[in-house]
Amino acid sequence: MPQPPSAASRDEPVIRERGDACPGALRLHAADDGFLARVRLPGGLLTVRQASALALAADRFGDGHLELTSRGNVQLRGLADGCGAGLAELLDGAGLLPAPSHERVRNIVATPMSGLDGPDGPDGPDGPDGPEGQGRPDALVWALEFDRLLCASPWAAALSGRFLFAFDDGRGDVASLGPDVTVLGRPGGRALVRLGRAADAVELAGPDSPRAALTAARYFLDSAAEAGTQAWRVSELPAEHALDTAGFGRRLEVAGIAATPVGPVDRPYAPPPLPSGAGGHDRATLCVLPPLGRLDSAQWRVLAQVADEGGGELRVTPWRSVILPAASARGAARIEDAGLVLAPGSPWESVTACTGRPGCAKSRADVRADARAVADRARGPLPVHWSGCERRCGHPRGTAWVDLVATGSGYRLAAPGRPVRDGVRPSELAAALADARTDPDVVKK
């Protein structure tokens, strides 16, 4: 799985000369395999009805597949020219477009397992946050309330489609994704709100965190307007216009939100949820991993059906997996029969890839096909990312991963502590990759 983010920061502010062209459900992107739509799912949450609508959209307008993104959203590919109005009508009817003017700015991730851990887990009375009543909050509740406030604020439509909000229940999973605004749950119903990569934060009552996050968004937009650099994210602001906790605190006071400065704050880190099945229980929370985050509509409908028989919802994670609460053992078997991963230890836990051919015109290889061809024969502790070109779209955060980049004459392979190897041919990939991922000197680093 992706590693914790690196501590690297920008040395120079970004000055942009164009607007954000990030795709959405209404603004389609022209790709080499047709048009692409990105449907935002605040907190990753989907009802069964909404999930079914996405499958229908994939079949009716696209290539019959759904892709999970690194922000817990869903993409539809291979869309036909002129399908925009029909797609929008279908999505709107399912409640997936509550505010068309804001649909690209609803970039909201939340701890996928928040509120689902059992009594012996981290949220329960026997977990690290005990005693009972002092456990972690349900961050998804805060995320959904924030989405409502965001959609109801006309000015918020000016945010970039890349600006990211994270509601973390305190374990540190989505807080590690480099958000622009982070809400981090604390025991006793409290929360921290942090701006960008700031070392400090403010502490406030958890129920106030949605309004505080909205205040942070307005603070960013005001600072970006003053800077005049068309910054899309907090890290892109020039130093003289950087957000600071003191200024944020003053804005919270004006908004009637009681907050206390805290700093420096700890940065907890929790790994993503791993694939997991029913484990012999009649009902269990499943973590389903589609290889490379891509499913066909038939597989997606199996997930929707299992969810319908269980907890009634699906949670798409930023690690391209799907959480199904209260699923049955019979449902787990159906998911595995559909070719999706539930058993821990799968090679797909640590393999990611960009779109590659035929979807991307810049790609020099069908990286997904090459990854599938060697996944079982090239296992190792380091994650590996396959890229069709030097842009390395979708690569893991941090630095500790094996990097494969298609060059047109093979692959360039780079791994921590190892010399770069050029011209690796498809027939050599399995051996070269297994060696790079398992060398003892690499693991030490």
# chains A, B, ... in the order shown; residues from 1 in each chain; ligands from 1
$ residues_around --residues "stretch 138-146 of chain A" --least-positions-apart "3" --cutoff "9 Å" --atoms "only C-alpha atoms" --output "PyMOL selection string"
chain A and resi 42-43+45+108-116+149-151+165-170+183-185+206-211+213-214
$ write_last_selection --atoms "N, CA and C atoms" --output "mmCIF file, in the first residue's frame"
data_model
loop_
_atom_site.group_PDB
_atom_site.id
_atom_site.type_symbol
_atom_site.label_atom_id
_atom_site.label_comp_id
_atom_site.auth_asym_id
_atom_site.auth_seq_id
_atom_site.Cartn_x
_atom_site.Cartn_y
_atom_site.Cartn_z
ATOM 1 N N PRO A 42 -18.518 12.522 -1.674
ATOM 2 C CA PRO A 42 -18.040 13.018 -0.385
ATOM 3 C C PRO A 42 -18.008 11.920 0.673
ATOM 4 N N GLY A 43 -16.844 11.757 1.295
ATOM 5 C CA GLY A 43 -16.671 10.697 2.283
ATOM 6 C C GLY A 43 -16.644 9.312 1.668
ATOM 7 N N LEU A 45 -19.063 7.849 0.326
ATOM 8 C CA LEU A 45 -20.312 7.166 0.653
ATOM 9 C C LEU A 45 -21.245 7.065 -0.556
ATOM 10 N N ILE A 108 -13.916 15.492 -0.744
ATOM 11 C CA ILE A 108 -13.995 15.290 0.703
ATOM 12 C C ILE A 108 -13.737 13.819 1.001
ATOM 13 N N VAL A 109 -12.636 13.540 1.680
ATOM 14 C CA VAL A 109 -12.357 12.163 2.089
ATOM 15 C C VAL A 109 -12.612 12.038 3.585
ATOM 16 N N ALA A 110 -12.948 10.841 4.015
ATOM 17 C CA ALA A 110 -13.196 10.569 5.430
ATOM 18 C C ALA A 110 -12.674 9.177 5.755
ATOM 19 N N THR A 111 -12.318 8.965 6.999
ATOM 20 C CA THR A 111 -11.841 7.650 7.440
ATOM 21 C C THR A 111 -12.867 6.589 7.062
ATOM 22 N N PRO A 112 -12.509 5.640 6.185
ATOM 23 C CA PRO A 112 -13.509 4.690 5.683
ATOM 24 C C PRO A 112 -14.113 3.798 6.758
ATOM 25 N N MET A 113 -13.321 3.456 7.767
ATOM 26 C CA MET A 113 -13.803 2.553 8.812
ATOM 27 C C MET A 113 -14.396 3.298 10.004
ATOM 28 N N SER A 114 -14.511 4.606 9.899
ATOM 29 C CA SER A 114 -15.027 5.388 11.025
ATOM 30 C C SER A 114 -16.432 4.935 11.407
ATOM 31 N N GLY A 115 -16.617 4.646 12.684
ATOM 32 C CA GLY A 115 -17.910 4.206 13.190
ATOM 33 C C GLY A 115 -18.207 2.739 12.956
ATOM 34 N N LEU A 116 -17.274 1.998 12.327
ATOM 35 C CA LEU A 116 -17.536 0.596 12.001
ATOM 36 C C LEU A 116 -16.708 -0.374 12.815
ATOM 37 N N LEU A 149 -22.920 22.040 3.891
ATOM 38 C CA LEU A 149 -22.564 23.452 4.028
ATOM 39 C C LEU A 149 -21.826 23.960 2.795
ATOM 40 N N LEU A 150 -20.935 23.141 2.264
ATOM 41 C CA LEU A 150 -20.163 23.525 1.083
ATOM 42 C C LEU A 150 -21.091 23.797 -0.098
ATOM 43 N N CYS A 151 -22.032 22.886 -0.331
ATOM 44 C CA CYS A 151 -22.947 23.029 -1.467
ATOM 45 C C CYS A 151 -23.888 24.208 -1.299
ATOM 46 N N PHE A 165 -10.348 18.258 1.222
ATOM 47 C CA PHE A 165 -10.732 18.271 2.631
ATOM 48 C C PHE A 165 -10.672 16.838 3.169
ATOM 49 N N ALA A 166 -10.154 16.677 4.381
ATOM 50 C CA ALA A 166 -10.077 15.348 4.991
ATOM 51 C C ALA A 166 -10.687 15.385 6.383
ATOM 52 N N PHE A 167 -11.567 14.431 6.654
ATOM 53 C CA PHE A 167 -12.176 14.263 7.969
ATOM 54 C C PHE A 167 -11.706 12.914 8.503
ATOM 55 N N ASP A 168 -10.757 12.981 9.422
ATOM 56 C CA ASP A 168 -10.080 11.803 9.969
ATOM 57 C C ASP A 168 -10.555 11.598 11.401
ATOM 58 N N ASP A 169 -10.935 10.365 11.737
ATOM 59 C CA ASP A 169 -11.462 10.142 13.084
ATOM 60 C C ASP A 169 -10.394 10.117 14.165
ATOM 61 N N GLY A 170 -9.153 10.352 13.787
ATOM 62 C CA GLY A 170 -8.071 10.432 14.774
ATOM 63 C C GLY A 170 -7.001 9.383 14.573
ATOM 64 N N VAL A 183 -9.424 17.816 9.293
ATOM 65 C CA VAL A 183 -10.114 17.717 10.582
ATOM 66 C C VAL A 183 -9.714 16.381 11.190
ATOM 67 N N LEU A 184 -9.131 16.436 12.374
ATOM 68 C CA LEU A 184 -8.611 15.234 13.028
ATOM 69 C C LEU A 184 -9.339 15.044 14.355
ATOM 70 N N GLY A 185 -10.077 13.959 14.473
ATOM 71 C CA GLY A 185 -10.844 13.700 15.678
ATOM 72 C C GLY A 185 -9.969 13.504 16.897
ATOM 73 N N GLY A 206 -15.971 18.971 18.254
ATOM 74 C CA GLY A 206 -16.128 18.216 17.023
ATOM 75 C C GLY A 206 -17.301 18.649 16.171
ATOM 76 N N PRO A 207 -18.484 18.871 16.757
ATOM 77 C CA PRO A 207 -19.617 19.291 15.929
ATOM 78 C C PRO A 207 -19.410 20.620 15.222
ATOM 79 N N ASP A 208 -18.442 21.436 15.697
ATOM 80 C CA ASP A 208 -18.150 22.707 15.029
ATOM 81 C C ASP A 208 -17.183 22.545 13.865
ATOM 82 N N SER A 209 -16.612 21.353 13.695
ATOM 83 C CA SER A 209 -15.563 21.186 12.690
ATOM 84 C C SER A 209 -16.050 21.385 11.256
ATOM 85 N N PRO A 210 -17.271 21.000 10.881
ATOM 86 C CA PRO A 210 -17.700 21.304 9.502
ATOM 87 C C PRO A 210 -17.709 22.803 9.196
ATOM 88 N N ARG A 211 -18.231 23.611 10.135
ATOM 89 C CA ARG A 211 -18.238 25.064 9.905
ATOM 90 C C ARG A 211 -16.827 25.622 9.902
ATOM 91 N N ALA A 213 -14.111 24.006 8.908
ATOM 92 C CA ALA A 213 -13.490 23.652 7.629
ATOM 93 C C ALA A 213 -13.967 24.575 6.519
ATOM 94 N N LEU A 214 -15.232 24.966 6.557
ATOM 95 C CA LEU A 214 -15.755 25.900 5.565
ATOM 96 C C LEU A 214 -15.101 27.271 5.728
#
$ closest_residue --among "A:Gln230, A:Gln50, A:Ser350, A:Ser427" --to "A:Val14" --atoms "only C-alpha atoms"
A:Gln230
$ residues_around --residues "A:Ser52" --least-positions-apart "5" --cutoff "12 Å" --atoms "only C-alpha atoms" --output "number ranges by chain"
A: 46-47, 57-59, 66, 90-91, 93-96, 297-308, 313-314
$ residues_around --residues "stretch 406-420 of chain A" --least-positions-apart "4" --cutoff "6 Å" --atoms "only C-alpha atoms" --output "ChimeraX atom specification"
/A:364,388-389,402,424-425,442
$ select_by_dssp --residues "stretch 7-232 of chain A" --states "alpha helix (DSSP H)" --output "MDAnalysis selection string"
chainID A and resid 48:61 84:93 139:151 209:227
$ write_last_selection --atoms "C-alpha atoms" --output "mmCIF file, in the first residue's frame"
data_model
loop_
_atom_site.group_PDB
_atom_site.id
_atom_site.type_symbol
_atom_site.label_atom_id
_atom_site.label_comp_id
_atom_site.auth_asym_id
_atom_site.auth_seq_id
_atom_site.Cartn_x
_atom_site.Cartn_y
_atom_site.Cartn_z
ATOM 1 C CA VAL A 48 -27.239 1.091 -3.107
ATOM 2 C CA ARG A 49 -29.451 3.127 -5.438
ATOM 3 C CA GLN A 50 -26.599 5.466 -6.291
ATOM 4 C CA ALA A 51 -24.222 2.580 -6.892
ATOM 5 C CA SER A 52 -26.736 0.978 -9.225
ATOM 6 C CA ALA A 53 -27.073 4.258 -11.131
ATOM 7 C CA LEU A 54 -23.305 4.362 -11.674
ATOM 8 C CA ALA A 55 -23.331 0.844 -13.106
ATOM 9 C CA LEU A 56 -26.163 1.826 -15.438
ATOM 10 C CA ALA A 57 -24.228 4.914 -16.520
ATOM 11 C CA ALA A 58 -21.137 2.831 -17.273
ATOM 12 C CA ASP A 59 -23.157 0.484 -19.462
ATOM 13 C CA ARG A 60 -25.383 3.054 -21.136
ATOM 14 C CA PHE A 61 -22.822 5.752 -21.876
ATOM 15 C CA GLY A 84 -23.338 14.739 -21.212
ATOM 16 C CA ALA A 85 -26.996 15.668 -20.835
ATOM 17 C CA GLY A 86 -28.158 12.067 -20.475
ATOM 18 C CA LEU A 87 -25.413 11.267 -17.983
ATOM 19 C CA ALA A 88 -26.222 14.355 -15.906
ATOM 20 C CA GLU A 89 -29.915 13.459 -15.840
ATOM 21 C CA LEU A 90 -29.168 9.926 -14.646
ATOM 22 C CA LEU A 91 -26.739 11.072 -11.934
ATOM 23 C CA ASP A 92 -29.024 13.851 -10.763
ATOM 24 C CA GLY A 93 -31.924 11.433 -10.447
ATOM 25 C CA ALA A 139 -15.843 11.382 11.054
ATOM 26 C CA LEU A 140 -18.239 10.517 8.242
ATOM 27 C CA VAL A 141 -21.020 12.398 10.047
ATOM 28 C CA TRP A 142 -18.868 15.524 10.059
ATOM 29 C CA ALA A 143 -17.905 15.019 6.404
ATOM 30 C CA LEU A 144 -21.520 14.783 5.258
ATOM 31 C CA GLU A 145 -22.518 17.873 7.224
ATOM 32 C CA PHE A 146 -19.584 19.718 5.696
ATOM 33 C CA ASP A 147 -20.677 18.676 2.203
ATOM 34 C CA ARG A 148 -24.118 20.157 2.902
ATOM 35 C CA LEU A 149 -22.564 23.452 4.028
ATOM 36 C CA LEU A 150 -20.163 23.525 1.083
ATOM 37 C CA CYS A 151 -22.947 23.029 -1.467
ATOM 38 C CA SER A 209 -15.563 21.186 12.690
ATOM 39 C CA PRO A 210 -17.700 21.304 9.502
ATOM 40 C CA ARG A 211 -18.238 25.064 9.905
ATOM 41 C CA ALA A 212 -14.574 25.503 10.784
ATOM 42 C CA ALA A 213 -13.490 23.652 7.629
ATOM 43 C CA LEU A 214 -15.755 25.900 5.565
ATOM 44 C CA THR A 215 -14.181 28.949 7.240
ATOM 45 C CA ALA A 216 -10.767 27.587 6.288
ATOM 46 C CA ALA A 217 -11.875 27.296 2.655
ATOM 47 C CA ARG A 218 -12.984 30.942 2.614
ATOM 48 C CA TYR A 219 -9.674 31.955 4.211
ATOM 49 C CA PHE A 220 -7.819 30.176 1.382
ATOM 50 C CA LEU A 221 -9.894 31.785 -1.367
ATOM 51 C CA ASP A 222 -9.389 35.256 0.123
ATOM 52 C CA SER A 223 -5.619 34.704 0.374
ATOM 53 C CA ALA A 224 -5.441 33.292 -3.148
ATOM 54 C CA ALA A 225 -7.304 36.308 -4.499
ATOM 55 C CA GLU A 226 -4.901 38.679 -2.743
ATOM 56 C CA ALA A 227 -1.907 36.741 -4.089
#
$ atom_distance --atom1 "atom CA of A:Thr260" --atom2 "atom CA of A:Leu164"
23.4 Å
$ select_by_dssp --residues "stretch 275-327 of chain A" --states "strand (DSSP E or B)" --output "list in words"
Ser276, Arg283, Ala284, Thr285, Leu286, Cys287, Val288, Leu289, Arg294, Leu295, Asp296, Glu313, Leu314, Arg315, Val316, Val322, Ile323, Leu324, Pro325, Ala326 and Ala327 of chain A
$ atom_distance --atom1 "atom CA of A:Ala199" --atom2 "atom CA of A:Gly256"
24.2 Å
$ residues_around --residues "A:Val74" --least-positions-apart "6" --cutoff "8 Å" --atoms "only C-alpha atoms" --output "number ranges by chain"
A: 38-41, 66-68
$ write_last_selection --atoms "N, CA and C atoms" --output "PDB file, in the first residue's frame"
ATOM      1  N   ARG A  38     -15.718  12.186 -13.909  1.00  0.00           N
ATOM      2  CA  ARG A  38     -15.332  11.891 -12.522  1.00  0.00           C
ATOM      3  C   ARG A  38     -16.478  12.309 -11.607  1.00  0.00           C
ATOM      4  N   VAL A  39     -17.048  11.352 -10.908  1.00  0.00           N
ATOM      5  CA  VAL A  39     -18.188  11.600 -10.025  1.00  0.00           C
ATOM      6  C   VAL A  39     -17.683  11.682  -8.591  1.00  0.00           C
ATOM      7  N   ARG A  40     -17.831  12.858  -7.983  1.00  0.00           N
ATOM      8  CA  ARG A  40     -17.366  13.046  -6.599  1.00  0.00           C
ATOM      9  C   ARG A  40     -18.320  12.370  -5.619  1.00  0.00           C
ATOM     10  N   LEU A  41     -17.719  11.686  -4.635  1.00  0.00           N
ATOM     11  CA  LEU A  41     -18.478  10.989  -3.588  1.00  0.00           C
ATOM     12  C   LEU A  41     -17.968  11.462  -2.238  1.00  0.00           C
ATOM     13  N   LEU A  66     -15.941   0.774 -14.236  1.00  0.00           N
ATOM     14  CA  LEU A  66     -15.865   1.869 -13.275  1.00  0.00           C
ATOM     15  C   LEU A  66     -14.474   1.853 -12.665  1.00  0.00           C
ATOM     16  N   GLU A  67     -13.899   3.044 -12.492  1.00  0.00           N
ATOM     17  CA  GLU A  67     -12.576   3.179 -11.896  1.00  0.00           C
ATOM     18  C   GLU A  67     -12.678   3.914 -10.573  1.00  0.00           C
ATOM     19  N   LEU A  68     -11.954   3.428  -9.568  1.00  0.00           N
ATOM     20  CA  LEU A  68     -11.886   4.083  -8.270  1.00  0.00           C
ATOM     21  C   LEU A  68     -10.653   4.972  -8.246  1.00  0.00           C
TER      22      LEU A  68
END
